[in-house]
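A.B. asks: The structure's right below; bear with me while I get my questions together.
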Amino acid sequence: MAEERQKPLVLLAAPQIMSPVTTQVIMRNVLIALAPAFVASLAFFGLPAFLVCLTSVVSCVGFEYLWCRIRKLPNTATDLSAAVTGVLLAFNLPSTIPLYMVVVGAFVAIIMTKELFGGIGKNFANPAIVGRIFLAVAFPVAMTTFVAPQITLAPVDVVSSATPLAPAAAALAHLDLLLGLHMGVLGETSALAILIGFVYLLATKTIRWHAPVAYVATVVVMSLITGHDPVAQALSGGLLLGAVFMVTDYTTSPSTVRGKVIFAIGCGIITCLIRFWGNLNEGVAYSILFMNLLVPYIDVLTPNTPVGGEHKRGGSNE
């Protein structure tokens, strides 16, 4: 017994604090934060937007439920994580996309990206991001056909282009970009709606501000350096949607504040490289996916010091 008492205390960085905040509570907060963008998409694109969102959410939740039943695993469809994936996937799609393609994207997001790697908390990348990229590669025409918002006075009804950041759309006024009076996918048109959701997530302490601010700030700085309009770059495309709802994903982002900032800066740099000098005008999804793959290495380089552990400068906590 004396020898057992003399064994040194093992200090680990694993979570050791109980909290009433569950996965379901976190995902519920995210869904509430997504509500303004959902309402905006309905106002801009009408019934097709609703059908895309409904199909995506039902497919994602359904695939997760079926996977759990087939594998005889506890049902995780009720934790709302699949519903969040469904909404985010829908927000990355145009209102004109055929609904069967939405189901394909949901399968890739839930089964291939999430469940095959062990389920929630074990996926290597953001499922909605992978679903979007898969659809963009498999169905490029459907993914780049955008409809003008119903409440806009724009004379164009439909346009097929790389992204809303194409030269014709770059001339849009900043106010139009803020409100969402331009063509694009469902969730990225209204920057104002996304910012409202951002404020809610901060108020409920669901996310921290470091990664979203670092991401947007990096894009703004690089835009200024390269002579691009920083406001247009910040409000256009999926930048704010990615910064608020995807860069902050618990599973696929670093665990420390330093790591989150490094992760976000990397996303910003890659986004600008693709936008300014790449073959694609939009690079948010690809930048986040690339940085998702680097998260394990960022975590290794930016660990938290365990309570009572030694600091790099020497000495120890009392």
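By order in the structure tokens, chains are A, B, ...; within a chain, residues start at 1; ligands start at 1, following the order shown.
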Which polymer residues have any atom within 6 Å of an atom of range 283-297 of chain A, counting only C-alpha atoms, with same-chain residues fewer than 5 positions away left out, as a PDB file with C-alpha atoms, in the first residue's frame?
C.D. replies:
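So around.pdb came out as:
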```
ATOM      1  CA  ALA A 125     -12.986  16.501 -41.979  1.00  0.00           C
ATOM      2  CA  ILE A 129     -17.525  20.398 -46.676  1.00  0.00           C
ATOM      3  CA  THR A 252     -12.192  19.067 -37.134  1.00  0.00           C
ATOM      4  CA  PRO A 254      -7.564  22.338 -33.151  1.00  0.00           C
ATOM      5  CA  CYS A 267      -7.622  28.727 -44.167  1.00  0.00           C
ATOM      6  CA  ILE A 270      -5.335  29.144 -48.950  1.00  0.00           C
ATOM      7  CA  THR A 271      -8.684  30.802 -49.666  1.00  0.00           C
ATOM      8  CA  ILE A 274      -7.332  29.983 -54.749  1.00  0.00           C
ATOM      9  CA  ARG A 275      -9.455  33.085 -55.228  1.00  0.00           C
TER      10      ARG A 275
END
```
A.B. asks: Would you mind listing what lies within 6 Å of range 84-91 of chain A as an mmCIF file with C-alpha atoms, in the first residue's frame, with only C-alpha atoms counted and same-chain residues fewer than 2 positions away left out?
C.D. replies:
```
data_model
loop_
_atom_site.group_PDB
_atom_site.id
_atom_site.type_symbol
_atom_site.label_atom_id
_atom_site.label_comp_id
_atom_site.auth_asym_id
_atom_site.auth_seq_id
_atom_site.Cartn_x
_atom_site.Cartn_y
_atom_site.Cartn_z
ATOM 1 C CA CYS A 53 -32.961 22.061 -46.983
ATOM 2 C CA SER A 56 -30.696 17.428 -47.038
ATOM 3 C CA VAL A 57 -31.705 17.291 -43.372
ATOM 4 C CA CYS A 60 -28.569 13.116 -43.311
ATOM 5 C CA SER A 81 -25.386 16.588 -35.246
ATOM 6 C CA ALA A 82 -26.726 14.991 -38.423
ATOM 7 C CA LEU A 93 -25.925 24.159 -52.520
ATOM 8 C CA ALA A 128 -20.745 19.123 -45.084
ATOM 9 C CA LEU A 186 -28.539 29.122 -50.116
ATOM 10 C CA GLY A 187 -26.580 29.949 -46.989
#
```
A.B. asks: May I ask for the distance between CA of Asn123 in chain A and CA of Gly62 in chain A, given in Å to one decimal place?
C.D. replies: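 So the two atoms, CA of Asn123 in chain A and CA of Gly62 in chain A, lie 18.3 Å apart.
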A.B. asks: Rank nothing, just name the residue among A:Gly227, A:Gly266, A:Gly197, A:Gly46 nearest to Phe245 in chain A, using only C-alpha atoms.
C.D. replies: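 Closest to Phe245 in chain A of all the choices is A:Gly197.
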A.B. asks: Can you tell me how far CA of Pro140 in chain A sits from CA of Ser95 in chain A, in Å to one decimal?
C.D. replies: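 One can read the CA of Pro140 in chain A to CA of Ser95 in chain A distance as 14.3 Å.
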